Amino acid sequence: MSAAPPPPPPESPVAAAAGGGDKVLAAAQHIVKSLATSKNAADDMIRILSGFDNRLSQITSDLFPSPDLAADSDERGNPLWGQISAAAFDAAEQLIQVWDGTPEALVFEATEDEVAEYLSAVDVAIEHLARGSGGGGGGAGSSSSSTAGRAGVAVQLAMARLEEELRHLMVRHAVPLDPTGLFFSLRRLSLGSMDDLDTSSEFDAATPHSIDVAPETARGGPLVNPFEDQVFDPVRPEAVDDLRAIADRMARAGYSRELADAYCGIRRDLLDEYLSALGVERLSIDEVQRIEWKHLNDKMKKWVQAVKTVVRVLLAGERRLCDQVLSVSDELREECFIESTKGCIMQILSFGDAVAVCPRSPEKLSRILDMYEALAEVIPEMKDLCLGSSGDGVISDVQANLDRLGDAIRGTLFEFGKVLQLESSRRAMTAGEIHPMTRYVMNYLRLLVVYSDTLDALLDDDADDQIDLARAEDQDQEHLESMTPLGKRLLKLISYLEANLEEKSKLYEDSALECIFSMNNLLYIVQKVRDSELGKILGDHWVKRRNGKIRQYSKSYLRISWMKVLSFLKDDGHGSGSGSSSGSGSGHSSSRMSIKEKFKNFNLAFEEIYRNQTTWKVPDPQLREELKISISENVIPAYRAFLGRYGSQVDGGRNSGKYIKYTPEDLESQLSDLFEGAPGPANHSRRRT
């Protein structure tokens, strides 16, 4: 609540000191013209002089700008000058002392007229102090010295009050921050942020289970500036003029240091509150490194949002406030902007530094890239805000922080490659399905393409990439030479993955299942490449070579799995289907037994394949159907022909159903159950040392 205004100043002593009304008015008019620096200042002086004598309200300020003081030495010699000037100072001094005696009251909570009178009194005190210090003004030396001393005390009192008033105005009129209205959500769903990548991995952090997501969900569209139309004024506009009036007088009185300290102190505290509202905490490097990934991930997301909010909203608002309030001095304006915002900027950077030195972990890469891009995006805007050379140090710190995040990105990619090379889990996928490592790595690499511009700038064409890629015999060399740094790194990482999968395929005792595993995983890699920007990077030649390998695996599977089965259906000269009358009866009997044995062996081999391979899994519907068709095209015609030729020698005999158990249609139906991943006890993997 505002305190009661101070009592009005006493009756002016000016009228008693002057000998004639007209001469008093003339002298007062001259004082106003000489001392005031603008029409507003003149109006303020007229207001305070009229408080001494109502006749002085007749003074006008229409003659601005004031004439050169050196040309008015004759009028300044007028004794009335000194009398009225002294009277004005007496009244100003008294008004300053009255307000000083009521510390609970606030000038800027009083009426507009009272505020104007106080500021005019401060102007008079400042002017008298300046004239006294410079030896100006009329009267004897001792009198001038005494007035200067009194002016110094009055100014000191006024500055202490104005400093307090400035603090109060900035706090009282501070605008609270609404984070929900300012945040720009950089949504990187699933693949984009690795939020869906389960880090409970059987082979450390590099190969957790993951889900498949479409590449277009990796990033929520192009990064635009969501704050273009967002203007945040940290202080309500109605208080700005009052703050500027205080700052002007403190600067003119020689209290720039006190002004800067008060201004920067308040702004720093308020910016700390804003950062807290944005979710940016003060955390040491040790504290950041101890945070669990789930919580650290949330803090990194908030940091990305906060960086843009801080620069485009908070710092932009602080820049405008400095320009408005501290317009009295360019040097003061730049100093206060840097000093008041430095702590906020350093708090932002400290978290970036802590993340940059955290242990390398693949799941952090997406977030670190977000942080890098956010900081890189706002650096030009920060340079625009820091107009003077005083901001060079801050910009240098920001750039150094960006460089350290870049080092963390390069280091994380390097560690990821090492993990792929060294990962050596010995548990084979029971059903030959897609390995979790394959899913994780391919989703991971598709994510990297989303950041292609940033990564191309960060990744150098290092010698290791060149050596490894030179050995890639199945790569189009012309296309290889035109690859970007990121493209070469992606090709290198995929080659690590393929080599690792090849080693894992050797864990299978059943060579047919080894082919299924290799087919499943290579097809998944090809699909992820073909359906994303990876396809453009790696090229058609790369995709064609892998499709060729998939066909080779398919042929190998058919040969390994079904060659033995088909061997029982070969015609090796047992006679015609009707049974020849020629030859001995024992020969006919032997032939029939041989045919029965073939049917029996075929049934046993087919049933074993059915029992095993119905538990195997081929996730891709097209590949699964193509395999079934290939099997049918090889098995069904051969069985139908064998059954047609020799079935009559078995059919109708004793226990014929024991040997001819299936019709061709039965086999066709059975084959449709293969590769569906049905539950079963079979385990066809082995561990080789």
# chains A, B, ... in the order shown; residues from 1 in each chain; ligands from 1
call {"tool": "residues_around", "arguments": {"residues": "Glu238 (chain A)", "least_positions_apart": "6", "cutoff": "12 Å", "atoms": "only C-alpha atoms", "output": "number ranges by chain"}}
result
A: 108, 169-170, 172-175, 244
call {"tool": "residues_around", "arguments": {"residues": "Pro621 (chain A)", "least_positions_apart": "3", "cutoff": "12 Å", "atoms": "only C-alpha atoms", "output": "list in words"}}
result
Asn520, Leu523, Lys617, Val618, Arg624, Glu625, Glu626, Leu627, Lys628, Leu674, Phe675 and Glu676 of chain A
call {"tool": "write_last_selection", "arguments": {"atoms": "N, CA and C atoms", "output": "short mmCIF file (atom, residue, chain, number, x, y, z; two decimals), in the first residue's frame"}}
result
data_model
loop_
_atom_site.label_atom_id
_atom_site.label_comp_id
_atom_site.auth_asym_id
_atom_site.auth_seq_id
_atom_site.Cartn_x
_atom_site.Cartn_y
_atom_site.Cartn_z
N ASN A 520 16.16 -63.00 -43.28
CA ASN A 520 15.30 -62.09 -42.51
C ASN A 520 16.01 -60.78 -42.19
N LEU A 523 17.00 -58.70 -45.41
CA LEU A 523 15.82 -58.07 -46.01
C LEU A 523 15.38 -56.87 -45.18
N LYS A 617 10.43 -68.40 -38.11
CA LYS A 617 9.63 -67.19 -38.36
C LYS A 617 10.25 -66.38 -39.49
N VAL A 618 9.41 -66.03 -40.45
CA VAL A 618 9.77 -65.08 -41.51
C VAL A 618 8.77 -63.94 -41.40
N ARG A 624 7.86 -64.52 -46.94
CA ARG A 624 7.28 -65.77 -46.44
C ARG A 624 6.49 -66.48 -47.54
N GLU A 625 5.68 -65.72 -48.28
CA GLU A 625 4.87 -66.31 -49.34
C GLU A 625 5.73 -66.79 -50.50
N GLU A 626 6.77 -66.04 -50.82
CA GLU A 626 7.66 -66.44 -51.91
C GLU A 626 8.37 -67.75 -51.58
N LEU A 627 8.79 -67.89 -50.33
CA LEU A 627 9.44 -69.14 -49.91
C LEU A 627 8.48 -70.32 -50.02
N LYS A 628 7.24 -70.14 -49.58
CA LYS A 628 6.26 -71.22 -49.65
C LYS A 628 5.98 -71.61 -51.10
N LEU A 674 4.22 -73.20 -42.76
CA LEU A 674 5.64 -72.96 -42.48
C LEU A 674 5.92 -71.49 -42.20
N PHE A 675 6.94 -71.25 -41.39
CA PHE A 675 7.51 -69.91 -41.13
C PHE A 675 6.55 -68.95 -40.42
N GLU A 676 5.56 -69.52 -39.71
CA GLU A 676 4.61 -68.66 -39.00
C GLU A 676 5.01 -68.42 -37.56
#
call {"tool": "atom_distance", "arguments": {"atom1": "CA of Gln305 (chain A)", "atom2": "CA of Pro179 (chain A)"}}
result
9.8 Å
call {"tool": "closest_residue", "arguments": {"among": "A:Ile537, A:Ile660, A:Arg257, A:Ile631", "to": "Lys555 (chain A)", "atoms": "only C-alpha atoms"}}
result
A:Ile631
call {"tool": "residues_around", "arguments": {"residues": "Ile525 (chain A)", "least_positions_apart": "2", "cutoff": "9 Å", "atoms": "only C-alpha atoms", "output": "list in words"}}
result
Thr438, Arg439, Met442, Ile494, Asn520, Asn521, Leu522, Leu523, Gln527, Lys528, Val529, Arg530 and Arg546 of chain A
call {"tool": "write_last_selection", "arguments": {"atoms": "N, CA, C and O atoms", "output": "short mmCIF file (atom, residue, chain, number, x, y, z; two decimals), in the first residue's frame"}}
result
data_model
loop_
_atom_site.label_atom_id
_atom_site.label_comp_id
_atom_site.auth_asym_id
_atom_site.auth_seq_id
_atom_site.Cartn_x
_atom_site.Cartn_y
_atom_site.Cartn_z
N THR A 438 19.68 -55.65 -35.16
CA THR A 438 19.40 -55.18 -36.51
C THR A 438 18.34 -54.10 -36.49
O THR A 438 18.47 -53.06 -37.16
N ARG A 439 17.28 -54.32 -35.74
CA ARG A 439 16.22 -53.31 -35.65
C ARG A 439 16.77 -52.00 -35.08
O ARG A 439 16.52 -50.92 -35.61
N MET A 442 19.36 -50.15 -37.52
CA MET A 442 18.78 -49.55 -38.72
C MET A 442 17.89 -48.35 -38.38
O MET A 442 17.89 -47.34 -39.08
N ILE A 494 26.92 -49.76 -41.41
CA ILE A 494 26.13 -50.88 -41.93
C ILE A 494 27.05 -52.07 -42.22
O ILE A 494 26.68 -53.23 -42.00
N ASN A 520 16.16 -63.00 -43.28
CA ASN A 520 15.30 -62.09 -42.51
C ASN A 520 16.01 -60.78 -42.19
O ASN A 520 15.46 -59.69 -42.38
N ASN A 521 17.23 -60.89 -41.72
CA ASN A 521 17.95 -59.69 -41.28
C ASN A 521 18.41 -58.83 -42.44
O ASN A 521 18.32 -57.60 -42.38
N LEU A 522 18.87 -59.47 -43.50
CA LEU A 522 19.32 -58.68 -44.64
C LEU A 522 18.14 -58.00 -45.32
O LEU A 522 18.25 -56.84 -45.76
N LEU A 523 17.00 -58.70 -45.41
CA LEU A 523 15.82 -58.07 -46.01
C LEU A 523 15.38 -56.87 -45.18
O LEU A 523 15.00 -55.83 -45.73
N GLN A 527 15.02 -53.12 -46.61
CA GLN A 527 13.76 -52.39 -46.55
C GLN A 527 13.93 -51.04 -45.86
O GLN A 527 13.38 -50.03 -46.30
N LYS A 528 14.70 -51.01 -44.78
CA LYS A 528 14.92 -49.75 -44.07
C LYS A 528 15.71 -48.77 -44.93
O LYS A 528 15.49 -47.55 -44.85
N VAL A 529 16.61 -49.29 -45.73
CA VAL A 529 17.38 -48.42 -46.62
C VAL A 529 16.49 -47.92 -47.75
O VAL A 529 16.44 -46.73 -48.06
N ARG A 530 15.77 -48.84 -48.37
CA ARG A 530 14.98 -48.50 -49.55
C ARG A 530 13.85 -47.52 -49.23
O ARG A 530 13.51 -46.66 -50.05
N ARG A 546 22.40 -56.40 -52.32
CA ARG A 546 21.80 -57.08 -51.16
C ARG A 546 20.61 -57.93 -51.58
O ARG A 546 20.40 -59.02 -51.05
#
call {"tool": "select_by_dssp", "arguments": {"residues": "region 536-626 of chain A", "states": "helix (DSSP H, G or I)", "output": "PyMOL selection string"}}
result
chain A and resi 536-538+540-567+585-613+621-626
call {"tool": "closest_residue", "arguments": {"among": "A:Met429, A:Ala245, A:Val304, A:Cys358", "to": "Ile285 (chain A)", "atoms": "only C-alpha atoms"}}
result
A:Cys358
call {"tool": "closest_residue", "arguments": {"among": "A:Ser554, A:Asn601, A:Ser532, A:Thr430", "to": "Tyr508 (chain A)", "atoms": "only C-alpha atoms"}}
result
A:Thr430
call {"tool": "atom_distance", "arguments": {"atom1": "CA of Lys302 (chain A)", "atom2": "CA of Ile395 (chain A)"}}
result
22.0 Å
call {"tool": "atom_distance", "arguments": {"atom1": "CA of Tyr659 (chain A)", "atom2": "CA of Lys596 (chain A)"}}
result
6.1 Å
call {"tool": "closest_residue", "arguments": {"among": "A:Ser120, A:Ser632, A:Ser85, A:Ser276", "to": "Cys344 (chain A)", "atoms": "only C-alpha atoms"}}
result
A:Ser276
call {"tool": "decode", "arguments": {"residues": "region 360-394 of chain A", "atoms": "N, CA, C and O atoms", "output": "mmCIF file, in the first residue's frame"}}
result
data_model
loop_
_atom_site.group_PDB
_atom_site.id
_atom_site.type_symbol
_atom_site.label_atom_id
_atom_site.label_comp_id
_atom_site.auth_asym_id
_atom_site.auth_seq_id
_atom_site.Cartn_x
_atom_site.Cartn_y
_atom_site.Cartn_z
ATOM 1 N N ARG A 360 29.845 -41.658 -23.241
ATOM 2 C CA ARG A 360 29.226 -41.828 -24.557
ATOM 3 C C ARG A 360 28.207 -42.957 -24.508
ATOM 4 O O ARG A 360 28.509 -44.054 -24.050
ATOM 5 N N SER A 361 27.017 -42.681 -24.977
ATOM 6 C CA SER A 361 25.955 -43.681 -24.975
ATOM 7 C C SER A 361 25.070 -43.438 -26.191
ATOM 8 O O SER A 361 24.598 -42.321 -26.393
ATOM 9 N N PRO A 362 24.839 -44.459 -27.035
ATOM 10 C CA PRO A 362 24.132 -44.241 -28.296
ATOM 11 C C PRO A 362 22.766 -43.592 -28.155
ATOM 12 O O PRO A 362 22.380 -42.781 -28.994
ATOM 13 N N GLU A 363 22.015 -43.942 -27.101
ATOM 14 C CA GLU A 363 20.664 -43.394 -27.004
ATOM 15 C C GLU A 363 20.649 -41.887 -26.745
ATOM 16 O O GLU A 363 19.641 -41.223 -26.940
ATOM 17 N N LYS A 364 21.794 -41.328 -26.334
ATOM 18 C CA LYS A 364 21.856 -39.889 -26.072
ATOM 19 C C LYS A 364 22.085 -39.063 -27.337
ATOM 20 O O LYS A 364 21.919 -37.841 -27.316
ATOM 21 N N LEU A 365 22.477 -39.734 -28.422
ATOM 22 C CA LEU A 365 22.921 -38.990 -29.599
ATOM 23 C C LEU A 365 21.836 -38.072 -30.144
ATOM 24 O O LEU A 365 22.105 -36.923 -30.507
ATOM 25 N N SER A 366 20.607 -38.571 -30.219
ATOM 26 C CA SER A 366 19.519 -37.753 -30.759
ATOM 27 C C SER A 366 19.348 -36.473 -29.959
ATOM 28 O O SER A 366 19.216 -35.378 -30.518
ATOM 29 N N ARG A 367 19.368 -36.603 -28.645
ATOM 30 C CA ARG A 367 19.176 -35.431 -27.789
ATOM 31 C C ARG A 367 20.361 -34.462 -27.898
ATOM 32 O O ARG A 367 20.177 -33.247 -27.904
ATOM 33 N N ILE A 368 21.582 -35.008 -27.967
ATOM 34 C CA ILE A 368 22.740 -34.116 -28.088
ATOM 35 C C ILE A 368 22.686 -33.375 -29.425
ATOM 36 O O ILE A 368 23.025 -32.193 -29.503
ATOM 37 N N LEU A 369 22.242 -34.055 -30.460
ATOM 38 C CA LEU A 369 22.085 -33.393 -31.757
ATOM 39 C C LEU A 369 21.032 -32.293 -31.674
ATOM 40 O O LEU A 369 21.196 -31.207 -32.246
ATOM 41 N N ASP A 370 19.945 -32.559 -30.960
ATOM 42 C CA ASP A 370 18.931 -31.516 -30.759
ATOM 43 C C ASP A 370 19.538 -30.305 -30.058
ATOM 44 O O ASP A 370 19.283 -29.154 -30.427
ATOM 45 N N MET A 371 20.339 -30.582 -29.022
ATOM 46 C CA MET A 371 20.970 -29.496 -28.276
ATOM 47 C C MET A 371 21.929 -28.713 -29.164
ATOM 48 O O MET A 371 21.944 -27.478 -29.149
ATOM 49 N N TYR A 372 22.715 -29.449 -29.948
ATOM 50 C CA TYR A 372 23.678 -28.794 -30.844
ATOM 51 C C TYR A 372 22.958 -27.896 -31.841
ATOM 52 O O TYR A 372 23.337 -26.732 -32.047
ATOM 53 N N GLU A 373 21.921 -28.421 -32.475
ATOM 54 C CA GLU A 373 21.199 -27.641 -33.483
ATOM 55 C C GLU A 373 20.513 -26.423 -32.872
ATOM 56 O O GLU A 373 20.502 -25.342 -33.471
ATOM 57 N N ALA A 374 19.935 -26.597 -31.676
ATOM 58 C CA ALA A 374 19.262 -25.468 -31.032
ATOM 59 C C ALA A 374 20.253 -24.346 -30.728
ATOM 60 O O ALA A 374 19.974 -23.168 -30.973
ATOM 61 N N LEU A 375 21.419 -24.724 -30.196
ATOM 62 C CA LEU A 375 22.412 -23.710 -29.845
ATOM 63 C C LEU A 375 22.987 -23.053 -31.100
ATOM 64 O O LEU A 375 23.162 -21.828 -31.154
ATOM 65 N N ALA A 376 23.278 -23.863 -32.123
ATOM 66 C CA ALA A 376 23.815 -23.302 -33.363
ATOM 67 C C ALA A 376 22.825 -22.345 -34.010
ATOM 68 O O ALA A 376 23.208 -21.331 -34.603
ATOM 69 N N GLU A 377 21.558 -22.650 -33.868
ATOM 70 C CA GLU A 377 20.519 -21.835 -34.493
ATOM 71 C C GLU A 377 20.409 -20.451 -33.863
ATOM 72 O O GLU A 377 20.094 -19.473 -34.539
ATOM 73 N N VAL A 378 20.671 -20.352 -32.549
ATOM 74 C CA VAL A 378 20.467 -19.067 -31.874
ATOM 75 C C VAL A 378 21.738 -18.232 -31.762
ATOM 76 O O VAL A 378 21.663 -17.068 -31.350
ATOM 77 N N ILE A 379 22.886 -18.798 -32.107
ATOM 78 C CA ILE A 379 24.125 -18.012 -31.990
ATOM 79 C C ILE A 379 24.079 -16.734 -32.826
ATOM 80 O O ILE A 379 24.441 -15.655 -32.330
ATOM 81 N N PRO A 380 23.648 -16.769 -34.091
ATOM 82 C CA PRO A 380 23.564 -15.510 -34.849
ATOM 83 C C PRO A 380 22.639 -14.494 -34.188
ATOM 84 O O PRO A 380 22.917 -13.287 -34.204
ATOM 85 N N GLU A 381 21.555 -14.963 -33.593
ATOM 86 C CA GLU A 381 20.635 -14.050 -32.915
ATOM 87 C C GLU A 381 21.279 -13.465 -31.663
ATOM 88 O O GLU A 381 21.043 -12.297 -31.329
ATOM 89 N N MET A 382 22.079 -14.268 -30.971
ATOM 90 C CA MET A 382 22.784 -13.751 -29.799
ATOM 91 C C MET A 382 23.795 -12.683 -30.204
ATOM 92 O O MET A 382 23.964 -11.681 -29.500
ATOM 93 N N LYS A 383 24.461 -12.887 -31.330
ATOM 94 C CA LYS A 383 25.411 -11.879 -31.801
ATOM 95 C C LYS A 383 24.703 -10.568 -32.110
ATOM 96 O O LYS A 383 25.248 -9.484 -31.860
ATOM 97 N N ASP A 384 23.499 -10.648 -32.636
ATOM 98 C CA ASP A 384 22.732 -9.433 -32.922
ATOM 99 C C ASP A 384 22.329 -8.715 -31.640
ATOM 100 O O ASP A 384 22.229 -7.487 -31.611
ATOM 101 N N LEU A 385 22.076 -9.488 -30.583
ATOM 102 C CA LEU A 385 21.669 -8.877 -29.311
ATOM 103 C C LEU A 385 22.853 -8.235 -28.602
ATOM 104 O O LEU A 385 22.705 -7.205 -27.946
ATOM 105 N N CYS A 386 24.028 -8.848 -28.718
ATOM 106 C CA CYS A 386 25.237 -8.316 -28.075
ATOM 107 C C CYS A 386 25.927 -7.363 -29.049
ATOM 108 O O CYS A 386 26.804 -7.768 -29.829
ATOM 109 N N LEU A 387 25.538 -6.112 -29.017
ATOM 110 C CA LEU A 387 25.983 -5.164 -30.040
ATOM 111 C C LEU A 387 27.426 -4.730 -29.864
ATOM 112 O O LEU A 387 28.135 -4.501 -30.834
ATOM 113 N N GLY A 388 27.861 -4.576 -28.641
ATOM 114 C CA GLY A 388 29.204 -4.049 -28.403
ATOM 115 C C GLY A 388 30.236 -5.149 -28.239
ATOM 116 O O GLY A 388 29.932 -6.339 -28.197
ATOM 117 N N SER A 389 31.492 -4.712 -28.122
ATOM 118 C CA SER A 389 32.582 -5.671 -27.940
ATOM 119 C C SER A 389 32.515 -6.357 -26.584
ATOM 120 O O SER A 389 33.139 -7.404 -26.380
ATOM 121 N N SER A 390 31.748 -5.783 -25.650
ATOM 122 C CA SER A 390 31.645 -6.387 -24.322
ATOM 123 C C SER A 390 30.988 -7.762 -24.381
ATOM 124 O O SER A 390 31.144 -8.564 -23.460
ATOM 125 N N GLY A 391 30.252 -8.035 -25.449
ATOM 126 C CA GLY A 391 29.595 -9.333 -25.575
ATOM 127 C C GLY A 391 30.447 -10.390 -26.245
ATOM 128 O O GLY A 391 30.022 -11.543 -26.357
ATOM 129 N N ASP A 392 31.649 -10.018 -26.682
ATOM 130 C CA ASP A 392 32.496 -10.975 -27.392
ATOM 131 C C ASP A 392 32.842 -12.181 -26.522
ATOM 132 O O ASP A 392 32.903 -13.311 -27.008
ATOM 133 N N GLY A 393 33.084 -11.938 -25.246
ATOM 134 C CA GLY A 393 33.429 -13.043 -24.355
ATOM 135 C C GLY A 393 32.297 -14.037 -24.204
ATOM 136 O O GLY A 393 32.521 -15.257 -24.192
ATOM 137 N N VAL A 394 31.075 -13.525 -24.094
ATOM 138 C CA VAL A 394 29.913 -14.408 -23.960
ATOM 139 C C VAL A 394 29.730 -15.237 -25.227
ATOM 140 O O VAL A 394 29.514 -16.451 -25.175
#
